[in-house]
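The next block is data_38.cif, given as mmCIF, C-alpha atoms and all ligand atoms.
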```cif
data_entry
#
loop_
_atom_site.label_atom_id
_atom_site.label_comp_id
_atom_site.auth_asym_id
_atom_site.auth_seq_id
_atom_site.Cartn_x
_atom_site.Cartn_y
_atom_site.Cartn_z
CA MET D 1 14.13 -27.29 -17.16
CA ARG D 2 15.51 -24.65 -14.77
CA ILE D 3 12.81 -22.55 -13.10
CA LEU D 4 13.79 -19.58 -10.96
CA VAL D 5 11.06 -18.88 -8.40
CA ILE D 6 11.14 -15.53 -6.63
CA SER D 7 8.65 -13.48 -4.67
CA ASP D 8 8.17 -10.25 -2.73
CA LEU D 9 10.77 -8.16 -4.52
CA HIS D 10 9.52 -4.92 -2.97
CA SER D 11 11.47 -2.56 -5.26
CA ASN D 12 14.82 -4.13 -4.36
CA ARG D 13 17.14 -3.90 -7.34
CA GLN D 14 20.33 -5.06 -5.64
CA ALA D 15 18.80 -8.30 -4.34
CA LEU D 16 17.38 -9.27 -7.73
CA GLU D 17 20.63 -8.46 -9.52
CA ALA D 18 22.58 -10.60 -7.03
CA VAL D 19 20.31 -13.61 -7.56
CA LEU D 20 20.31 -13.26 -11.36
CA ALA D 21 24.12 -13.00 -11.38
CA LYS D 22 24.44 -16.09 -9.18
CA GLU D 23 22.01 -18.32 -11.08
CA GLY D 24 22.66 -17.26 -14.69
CA ASP D 25 20.28 -18.33 -17.43
CA VAL D 26 17.00 -20.01 -16.57
CA ASP D 27 14.28 -21.48 -18.78
CA PHE D 28 11.35 -20.04 -16.86
CA LEU D 29 10.81 -17.28 -14.30
CA ALA D 30 8.03 -17.53 -11.71
CA PHE D 31 7.23 -14.50 -9.56
CA ALA D 32 4.67 -14.68 -6.73
CA GLY D 33 3.78 -11.01 -6.28
CA ASP D 34 4.68 -7.79 -4.41
CA VAL D 35 6.78 -6.11 -7.09
CA VAL D 36 6.79 -2.77 -5.27
CA ASP D 37 6.55 -0.91 -1.92
CA TYR D 38 9.06 -0.98 0.95
CA GLY D 39 12.06 -0.53 -1.32
CA VAL D 40 13.92 2.25 -3.03
CA ASP D 41 13.85 1.29 -6.72
CA PRO D 42 10.29 0.65 -7.96
CA VAL D 43 11.14 1.76 -11.50
CA TYR D 44 13.78 -0.95 -11.87
CA ALA D 45 11.44 -3.55 -10.34
CA VAL D 46 8.52 -2.77 -12.66
CA ASP D 47 10.71 -2.42 -15.75
CA PHE D 48 12.44 -5.72 -15.08
CA PHE D 49 9.16 -7.60 -15.33
CA ARG D 50 7.76 -5.35 -18.05
CA SER D 51 10.69 -6.06 -20.34
CA TYR D 52 11.47 -9.64 -19.29
CA GLY D 53 12.18 -11.46 -22.53
CA GLY D 54 11.87 -15.11 -21.51
CA ARG D 55 9.01 -17.39 -20.50
CA ALA D 56 7.52 -16.26 -17.24
CA ALA D 57 4.55 -16.41 -14.85
CA ILE D 58 4.27 -13.08 -13.01
CA VAL D 59 1.41 -12.38 -10.61
CA ARG D 60 0.47 -9.36 -8.50
CA GLY D 61 0.55 -9.01 -4.72
CA ASN D 62 -1.29 -7.01 -2.07
CA HIS D 63 1.40 -4.32 -2.05
CA ASP D 64 0.97 -3.93 -5.81
CA ASP D 65 -2.76 -3.46 -5.31
CA HIS D 66 -2.07 -1.00 -2.50
CA LEU D 67 0.28 1.04 -4.67
CA ILE D 68 -2.19 1.14 -7.56
CA ASN D 69 -4.87 2.49 -5.20
CA VAL D 70 -2.63 5.07 -3.51
CA TYR D 71 -1.19 6.20 -6.86
CA ARG D 72 -4.59 6.69 -8.45
CA SER D 73 -5.94 8.47 -5.36
CA GLY D 74 -3.29 11.17 -5.77
CA GLU D 75 -2.66 11.01 -1.98
CA TRP D 76 1.10 10.68 -2.51
CA LYS D 77 1.27 14.20 -3.97
CA ARG D 78 0.08 15.78 -0.72
CA VAL D 79 1.63 13.64 2.05
CA GLN D 80 4.78 14.90 3.79
CA GLY D 81 6.87 14.51 6.97
CA GLU D 82 5.60 12.04 9.60
CA GLU D 83 2.79 10.93 7.28
CA PHE D 84 5.18 9.98 4.49
CA LYS D 85 5.69 6.25 3.87
CA TRP D 86 7.59 4.05 1.40
CA ILE D 87 4.36 3.62 -0.56
CA HIS D 88 4.33 7.39 -1.20
CA HIS D 89 8.04 7.31 -2.05
CA ASN D 90 7.37 4.55 -4.62
CA CYS D 91 4.37 6.39 -6.09
CA ARG D 92 6.48 9.51 -6.64
CA LEU D 93 8.97 7.53 -8.74
CA LEU D 94 6.44 5.63 -10.86
CA ASP D 95 4.20 6.89 -13.65
CA ASP D 96 0.84 6.05 -15.24
CA GLU D 97 2.34 3.55 -17.69
CA ARG D 98 4.20 1.55 -15.04
CA VAL D 99 1.18 1.55 -12.71
CA ALA D 100 -0.96 0.33 -15.61
CA PHE D 101 1.51 -2.53 -16.09
CA LEU D 102 1.13 -3.53 -12.43
CA ASP D 103 -2.63 -3.39 -12.86
CA SER D 104 -2.40 -5.69 -15.88
CA LEU D 105 -0.86 -8.52 -13.85
CA PRO D 106 -3.17 -11.44 -13.02
CA TYR D 107 -3.77 -12.87 -9.53
CA HIS D 108 -3.28 -16.50 -10.59
CA ILE D 109 -1.33 -18.28 -13.34
CA GLN D 110 -1.15 -21.99 -14.04
CA PHE D 111 1.64 -23.75 -15.88
CA THR D 112 3.10 -27.21 -16.36
CA ALA D 113 6.78 -28.09 -16.25
CA ASP D 114 8.65 -31.40 -16.15
CA GLY D 115 5.50 -33.36 -15.37
CA TYR D 116 4.25 -31.13 -12.53
CA ASP D 117 1.26 -28.80 -12.62
CA TYR D 118 1.73 -25.47 -10.86
CA ILE D 119 -0.56 -22.65 -9.76
CA ILE D 120 1.17 -19.47 -8.67
CA GLN D 121 -0.43 -16.61 -6.70
CA HIS D 122 0.51 -14.23 -3.91
CA GLN D 123 -1.58 -15.12 -0.88
CA TYR D 124 -4.09 -17.68 0.36
CA ASP D 125 -6.18 -15.58 2.75
CA ASP D 126 -6.17 -12.02 4.05
CA LYS D 127 -3.53 -12.83 6.68
CA TYR D 128 -0.58 -15.23 6.37
CA GLY D 129 -2.51 -18.51 6.37
CA ILE D 130 -1.41 -21.67 4.63
CA ILE D 131 -3.48 -24.58 3.36
CA GLU D 132 -3.67 -27.08 6.22
CA SER D 133 -5.55 -30.06 4.76
CA PRO D 134 -5.76 -32.12 1.58
CA TYR D 135 -9.45 -31.22 1.47
CA ALA D 136 -8.73 -27.47 1.47
CA PHE D 137 -5.92 -28.00 -1.05
CA ASP D 138 -8.26 -29.82 -3.44
CA ASN D 139 -10.95 -27.17 -3.06
CA TYR D 140 -8.48 -24.40 -3.83
CA TRP D 141 -6.94 -26.34 -6.71
CA ASN D 142 -10.30 -27.11 -8.31
CA GLU D 143 -11.36 -23.47 -8.04
CA HIS D 144 -8.22 -22.17 -9.73
CA TRP D 145 -6.98 -24.81 -12.20
CA LYS D 146 -8.63 -24.26 -15.55
CA GLY D 147 -9.10 -27.10 -18.03
CA GLU D 148 -7.56 -30.56 -18.09
CA ARG D 149 -4.50 -31.32 -16.01
CA LYS D 150 -1.33 -31.83 -18.04
CA GLY D 151 1.16 -33.02 -15.41
CA THR D 152 1.14 -36.56 -14.08
CA LEU D 153 3.70 -36.25 -11.27
CA GLY D 154 2.01 -33.88 -8.85
CA ARG D 155 0.24 -30.63 -8.03
CA ARG D 156 2.28 -27.74 -6.70
CA MET D 157 1.06 -24.40 -5.44
CA ILE D 158 3.49 -21.50 -5.18
CA PHE D 159 2.61 -18.72 -2.76
CA GLY D 160 4.50 -15.63 -1.61
CA HIS D 161 3.40 -12.98 0.92
CA SER D 162 4.64 -14.55 4.19
CA HIS D 163 8.30 -13.87 3.30
CA ARG D 164 9.07 -17.29 4.82
CA GLN D 165 10.78 -20.01 2.80
CA CYS D 166 8.83 -23.21 3.22
CA GLU D 167 7.67 -26.44 1.72
CA HIS D 168 4.48 -27.87 3.13
CA ILE D 169 3.83 -31.45 2.10
CA LEU D 170 0.23 -32.53 2.18
CA GLN D 171 -0.95 -36.10 1.69
CA GLY D 172 -0.70 -37.51 -1.83
CA ASP D 173 0.64 -35.45 -4.70
CA ARG D 174 0.02 -32.05 -3.05
CA LEU D 175 2.75 -29.54 -2.31
CA TRP D 176 2.68 -25.99 -0.94
CA LEU D 177 5.77 -23.93 -1.75
CA ASN D 178 6.97 -20.48 -0.77
CA PRO D 179 10.36 -19.25 -2.06
CA GLY D 180 10.63 -16.65 0.75
CA SER D 181 11.22 -13.01 -0.05
CA ILE D 182 14.06 -12.00 -2.30
CA SER D 183 14.03 -8.70 -0.41
CA TYR D 184 13.38 -8.72 3.33
CA ARG D 185 12.40 -10.80 6.36
CA ARG D 186 9.70 -10.70 9.02
CA PRO D 187 10.58 -9.04 12.37
CA ASP D 188 11.39 -12.37 14.09
CA ASP D 189 13.81 -13.46 11.36
CA PRO D 190 17.26 -11.85 11.42
CA ASP D 191 18.37 -13.32 8.05
CA LYS D 192 19.13 -10.43 5.69
CA SER D 193 19.83 -12.46 2.56
CA ALA D 194 17.88 -12.64 -0.70
CA GLN D 195 15.84 -15.86 -0.55
CA TYR D 196 14.51 -17.72 -3.58
CA MET D 197 13.90 -21.18 -4.98
CA LEU D 198 15.27 -23.07 -7.95
CA ILE D 199 13.43 -26.00 -9.51
CA GLU D 200 15.62 -28.08 -11.82
CA ASP D 201 13.90 -30.90 -13.71
CA GLY D 202 11.29 -30.96 -10.95
CA GLU D 203 13.82 -31.01 -8.07
CA ILE D 204 13.24 -28.18 -5.62
CA SER D 205 16.03 -26.37 -3.81
CA PHE D 206 15.68 -23.45 -1.43
CA ARG D 207 18.49 -20.96 -1.81
CA SER D 208 19.65 -17.58 -0.60
CA CYS D 209 22.45 -15.16 -1.29
CA PRO D 210 23.81 -12.03 0.34
CA TYR D 211 23.58 -8.74 -1.49
CA ASP D 212 24.70 -5.14 -1.06
CA ARG D 213 22.19 -3.47 1.29
CA SER D 214 24.04 -0.15 1.46
CA VAL D 215 21.89 1.57 -1.19
CA GLN D 216 18.67 0.92 0.74
CA LYS D 217 20.27 1.93 4.02
CA ALA D 218 21.64 5.17 2.57
CA VAL D 219 18.19 6.26 1.37
CA ALA D 220 16.66 5.46 4.77
CA ASP D 221 19.51 7.31 6.50
CA SER D 222 18.81 10.43 4.47
CA TYR D 223 15.11 10.34 5.44
CA ARG D 224 16.11 9.80 9.07
CA ALA D 225 18.40 12.82 8.92
CA ASP D 226 15.79 15.19 7.52
CA GLY D 227 12.71 13.78 9.31
CA GLY D 228 10.99 13.34 5.97
CA MET D 229 9.38 9.98 6.70
CA MET D 230 7.26 8.22 9.34
CA ARG D 231 9.49 6.99 12.17
CA THR D 232 8.22 3.37 12.13
CA GLU D 233 8.84 3.15 8.39
CA ILE D 234 12.50 4.09 8.99
CA GLN D 235 12.74 1.59 11.87
CA ASP D 236 11.46 -1.20 9.62
CA PHE D 237 14.02 -0.27 7.03
CA MET D 238 16.89 -0.32 9.52
CA PHE D 239 15.87 -3.86 10.41
CA PHE D 240 15.45 -4.97 6.80
CA PHE D 241 18.54 -3.35 5.38
CA GLY D 242 20.64 -2.03 8.24
CA ASP D 243 21.92 -3.91 11.26
CA ALA D 244 18.99 -3.41 13.67
CA LYS D 245 18.10 -6.64 15.52
CA THR D 246 14.35 -6.02 15.43
CA SER D 247 12.07 -3.82 13.36
CA ARG D 248 11.42 -1.64 16.42
CA ASP D 249 14.97 -0.92 17.53
CA PRO D 250 15.19 2.70 18.67
CA LEU D 251 16.62 5.01 16.04
FE FE D 301 5.59 -8.99 0.55
FE FE D 302 2.25 -9.52 0.39
#
```
Taking this structure as input, can you express it in the form of structure tokens?
Ligand SMILES: [Fe+2]
Ligand SMILES: [Fe+2]
Amino acid sequence: MRILVISDLHSNRQALEAVLAKEGDVDFLAFAGDVVDYGVDPVYAVDFFRSYGGRAAIVRGNHDDHLINVYRSGEWKRVQGEEFKWIHHNCRLLDDERVAFLDSLPYHIQFTADGYDYIIQHQYDDKYGIIESPYAFDNYWNEHWKGERKGTLGRRMIFGHSHRQCEHILQGDRLWLNPGSISYRRPDDPDKSAQYMLIEDGEISFRSCPYDRSVQKAVADSYRADGGMMRTEIQDFMFFFGDAKTSRDPL
């Protein structure tokens, strides 16, 4: 079985299209949350998951929760200029139906493939923590796995949120996995590629591919030109999608 594991899309159409074109057909899609925010195409991002025709496990992230709250508060209709953020930009493009879809996504999904049991979710704690001990792994697993185990080869947890590709091997059959973000990096990581993970017949490979960042950069450039967005939000974008070396390079 070929499983494509992606996370933290953040409204980035070009990155997702590049990965789908590179990998072709898969048997199962796993997505670890953060569909929207900090990107220019939330409609594409939501509609991709809403209309995905194959087998999939799609969970929500903290940015999805944030968008749902901001959208329903109506705040995005009033905010302008230096107060304006990507979250408001995304809210303006979405509608009630698409926000309801985001709100229908679960926080955890379990599935079994090729002898391994998986639980997928967005984040472990309210920061960027990972599970450090077999004891904590077992506690978390027992809280979230429902019913009898089906796999015999091992237990795998897939997390997103940190935007850092990693595999954390704990003692025994326990594995922590993060496919990285298909969209953007943390401020100490200059890699601008789309990161993801492919699991083929249980074998894990971490992958990445370049994609066209010019669409994102052009939208940020237009906000920079007319002063229509918070300065730090533009700086972040120039790091994510332009050629800035850090997320706080002067504009
Ligand atoms: Fe994220
Ligand atoms: Fe997140």
Report as JSON lines the residues of region 127-192 of chain D within 10 Å of region 13-21 of chain D, each with its shortest atom pair and distance in Å (one decimal), using only C-alpha atoms, ordered by chain and increasing residue number.
```
{"residue": "D:Ser181", "atom": "CA", "partner": "D:Ala15", "partner_atom": "CA", "distance": 9.9}
{"residue": "D:Ile182", "atom": "CA", "partner": "D:Ala15", "partner_atom": "CA", "distance": 6.3}
{"residue": "D:Ser183", "atom": "CA", "partner": "D:Ala15", "partner_atom": "CA", "distance": 6.2}
{"residue": "D:Tyr184", "atom": "CA", "partner": "D:Ala15", "partner_atom": "CA", "distance": 9.4}
```
Output C-alpha atoms of each residue in that selection to a file, as a tab-separated table (two decimals), in the coordinates of the input.
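Output file selection-v5.tsv follows:
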```tsv
chain	number	residue	atom	x	y	z
D	181	SER	CA	11.22	-13.01	-0.05
D	182	ILE	CA	14.06	-12.00	-2.30
D	183	SER	CA	14.03	-8.70	-0.41
D	184	TYR	CA	13.38	-8.72	3.33
```
Would you mind reading off the distance between CA of Val36 (chain D) and CA of His63 (chain D), one decimal, in Å?
-> 6.5 Å
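Residues in contact range of Tyr116 (chain D), defined as at most 8 Å between all atoms listed in the file, with sequence neighbours fewer than 6 positions away removed, read Lys150, Gly151, Thr152, Leu153, Gly154, Arg155, Arg156 and Gly202 of chain D.
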Keeping only C-alpha atoms, write the selected residues as an mmCIF file, in the frame of the given file.
```
data_model
loop_
_atom_site.group_PDB
_atom_site.id
_atom_site.type_symbol
_atom_site.label_atom_id
_atom_site.label_comp_id
_atom_site.auth_asym_id
_atom_site.auth_seq_id
_atom_site.Cartn_x
_atom_site.Cartn_y
_atom_site.Cartn_z
ATOM 1 C CA LYS D 150 -1.330 -31.830 -18.040
ATOM 2 C CA GLY D 151 1.160 -33.020 -15.410
ATOM 3 C CA THR D 152 1.140 -36.560 -14.080
ATOM 4 C CA LEU D 153 3.700 -36.250 -11.270
ATOM 5 C CA GLY D 154 2.010 -33.880 -8.850
ATOM 6 C CA ARG D 155 0.240 -30.630 -8.030
ATOM 7 C CA ARG D 156 2.280 -27.740 -6.700
ATOM 8 C CA GLY D 202 11.290 -30.960 -10.950
#
```
Contact residues around Leu175 (chain D) with only C-alpha atoms at 10 Å, ignoring same-chain residues under 6 positions, as a VMD selection string | chain D and resid 118 131 134 137 154 to 158 167 to 169
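Neighbouring residues of ligand FE 301 (chain D) at a cut-off of 6 Å, counting only C-alpha atoms and all ligand atoms, are D:Asp8, D:Asp34, D:His161.
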Within 9 Å of ligand FE 302 (chain D), counting only C-alpha atoms and all ligand atoms: which residues, as a VMD selection string?
-> chain D and resid 8 33 to 34 61 to 64 122 to 123 128 160 to 163
In the coordinate frame of the file, compute which residues have an atom within 7 Å of (9.1, -1.3, -3.4) when using all atoms listed in the file, and state them as a list in words.
->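 Every polymer residue passing the test: His10, Ser11, Asn12, Val35, Val36, Asp37, Tyr38, Gly39, Val40, Asp41, Pro42 and Asn90 of chain D.
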Which is closer to Glu148 (chain D) than all the others in D:Phe240, D:Asp117, D:Val59, D:Gly180, using only C-alpha atoms?
-> D:Asp117
